[in-house]
Amino acid sequence: MSNNSNPIGLFDSGVGGLTVAHAISSLLPQERLIYYGDTAHLPYGDKSKKAIVSYSKGITDFLLDNNCKVILIACNSASSNAYEEVKKHAGNKAKILNVVDPVVDFVAESTDMKNVGLIGTKATINSNTYPDRIQSKNSSLIVNSLATPLFVPMIEEGFVFDDISNAIIRSYLSRNELKDIDSLILGCTHYPIIRNQISRYYNFDVNVIDTSRIVAEYIRDFLGDNDLLSTSRKGKDKFYVSDHTLYFDAIGRIFFNQSIDLEKKSIW
Ligand code: DGL
């Protein structure tokens, strides 16, 4: 039975979902989070659908065992390749949410976008989930997609706000696929970490959409509509990784302004 003070579970392949976790914590400080970063299998973006589905189901079981009231797939590669399978797997034990649908709705309903760029992992871009869903809701929008697979390892290795990351960002964003865009969807939860660098590349002329904020607002509305909002926090947030990486700790501290409660936990 779901209880309002039960935690929100969320998972990603690594630190990326922390952008969403942080946005949820800022908006809903009374909610407790349980986060799983599957660093042992990172990156998901280069894996087959079958592998992504299998990892996602395993983590879902772990989060269900931890009594999560809802589970957010805080990873675009898994949201666009494994959402239906995970939903079926969880049955009526918990609501499963993904990070793609809230952004699709936001973009499809906007009145000031026309030529939208989309960047993400190969798994996300090859699934075509974003363009298909956006165009089924608003056929006047043009979606220009580009896979940017170097961004995840670059971010996981801590190459941000430096010359190397600026060079990689420039090399991808100057491609023809993204010519003349007015807005850009960061279709990977790792990318908000380099959002400022991306905005700077465009001299702030392109609307680089804050996807983590959109997802957090969606979670707030979803919990409110389903009478699942917590009124008082019961305990600390907990973070698990399937393998230790030094950077996970560091980025967690940057996001949450303090050392996070981090534990290595293999669930396979
Ligand atoms: N943060 C992820 C995403 O949103 C995962 C990237 C990866 O592991 O390749 O797609």
# chains A, B, ... in the order shown; residues from 1 in each chain; ligands from 1
call {"tool": "residues_near_ligand", "arguments": {"ligand": "ligand 1", "cutoff": "10 Å", "atoms": "only C-alpha atoms and all ligand atoms", "output": "PyMOL selection string"}}
result
chain A and resi 11-20+37-39+41-47+52+73-81+99-100+119-125+148-153+156+186-192
call {"tool": "select_by_dssp", "arguments": {"residues": "segment 29-106 of chain A", "states": "strand (DSSP E)", "output": "short mmCIF file (atom, residue, chain, number, x, y, z; two decimals) with N, CA, C and O atoms, in the first residue's frame"}}
result
data_model
loop_
_atom_site.label_atom_id
_atom_site.label_comp_id
_atom_site.auth_asym_id
_atom_site.auth_seq_id
_atom_site.Cartn_x
_atom_site.Cartn_y
_atom_site.Cartn_z
N LEU A 33 13.94 10.98 -1.17
CA LEU A 33 14.31 10.34 -2.43
C LEU A 33 15.20 9.12 -2.20
O LEU A 33 16.05 9.12 -1.32
N ILE A 34 14.96 8.10 -3.02
CA ILE A 34 15.92 6.99 -3.09
C ILE A 34 16.39 6.92 -4.54
O ILE A 34 15.58 6.78 -5.46
N TYR A 35 17.69 7.06 -4.70
CA TYR A 35 18.27 7.18 -6.05
C TYR A 35 19.16 5.99 -6.34
O TYR A 35 19.93 5.57 -5.48
N TYR A 36 19.05 5.46 -7.53
CA TYR A 36 19.99 4.39 -7.93
C TYR A 36 20.71 4.80 -9.21
O TYR A 36 20.08 5.07 -10.24
N GLY A 37 22.04 4.88 -9.14
CA GLY A 37 22.86 5.20 -10.31
C GLY A 37 23.58 3.92 -10.75
O GLY A 37 24.43 3.41 -10.02
N VAL A 70 6.29 6.19 -5.96
CA VAL A 70 6.35 6.29 -7.43
C VAL A 70 7.81 6.06 -7.83
O VAL A 70 8.72 6.30 -7.04
N ILE A 71 7.99 5.62 -9.07
CA ILE A 71 9.35 5.43 -9.58
C ILE A 71 9.49 6.25 -10.84
O ILE A 71 8.70 6.10 -11.79
N LEU A 72 10.47 7.14 -10.82
CA LEU A 72 10.74 7.97 -11.99
C LEU A 72 11.96 7.44 -12.71
O LEU A 72 13.04 7.32 -12.11
N ILE A 73 11.80 7.11 -13.97
CA ILE A 73 12.94 6.70 -14.78
C ILE A 73 13.67 7.99 -15.16
O ILE A 73 13.28 8.68 -16.10
N LYS A 95 3.40 3.54 -9.35
CA LYS A 95 3.27 4.27 -10.61
C LYS A 95 4.67 4.48 -11.20
O LYS A 95 5.61 4.84 -10.47
N ILE A 96 4.81 4.25 -12.49
CA ILE A 96 6.10 4.47 -13.15
C ILE A 96 5.98 5.73 -14.02
O ILE A 96 5.03 5.86 -14.81
N LEU A 97 6.92 6.64 -13.86
CA LEU A 97 6.91 7.88 -14.64
C LEU A 97 8.21 7.98 -15.43
O LEU A 97 9.21 7.35 -15.06
N ASN A 98 8.18 8.75 -16.49
CA ASN A 98 9.40 8.88 -17.30
C ASN A 98 9.73 10.35 -17.51
O ASN A 98 8.89 11.22 -17.25
#
call {"tool": "closest_residue", "arguments": {"among": "A:Leu63, A:Ile155, A:Val116, A:Pro102", "to": "Ile251 of chain A", "atoms": "only C-alpha atoms"}}
result
A:Ile155
call {"tool": "closest_residue", "arguments": {"among": "A:Asp101, A:Glu31, A:Ser266, A:Asp182", "to": "Ser242 of chain A", "atoms": "only C-alpha atoms"}}
result
A:Ser266
call {"tool": "atom_distance", "arguments": {"atom1": "atom CA of Ala147 of chain A", "atom2": "atom CA of Phe239 of chain A"}}
result
28.5 Å
call {"tool": "atom_distance", "arguments": {"atom1": "atom CA of Glu84 of chain A", "atom2": "atom CA of Ser183 of chain A"}}
result
28.1 Å
call {"tool": "closest_residue", "arguments": {"among": "A:Arg233, A:Arg253, A:Arg170, A:Lys87", "to": "Gln197 of chain A", "atoms": "only C-alpha atoms"}}
result
A:Arg170
call {"tool": "residues_around", "arguments": {"residues": "Asp112 of chain A", "least_positions_apart": "2", "cutoff": "10 Å", "atoms": "only C-alpha atoms", "output": "list in words"}}
result
Val107, Glu109, Ser110, Lys114, Asn115, Asp182, Ser183 and Asn207 of chain A
call {"tool": "closest_residue", "arguments": {"among": "A:Met154, A:Leu184, A:Val103, A:Ile219", "to": "Phe204 of chain A", "atoms": "only C-alpha atoms"}}
result
A:Leu184
call {"tool": "closest_residue", "arguments": {"among": "A:Arg200, A:Lys234, A:Arg195, A:Lys49", "to": "Ala82 of chain A", "atoms": "only C-alpha atoms"}}
result
A:Lys49
call {"tool": "closest_residue", "arguments": {"among": "A:Ile193, A:Leu228, A:Leu64, A:Val206", "to": "Ile254 of chain A", "atoms": "only C-alpha atoms"}}
result
A:Ile193
call {"tool": "atom_distance", "arguments": {"atom1": "atom CA of Phe255 of chain A", "atom2": "atom CA of Pro29 of chain A"}}
result
13.8 Å
call {"tool": "select_by_dssp", "arguments": {"residues": "segment 8-75 of chain A", "states": "alpha helix (DSSP H)", "output": "number ranges by chain"}}
result
A: 17-27, 49-65
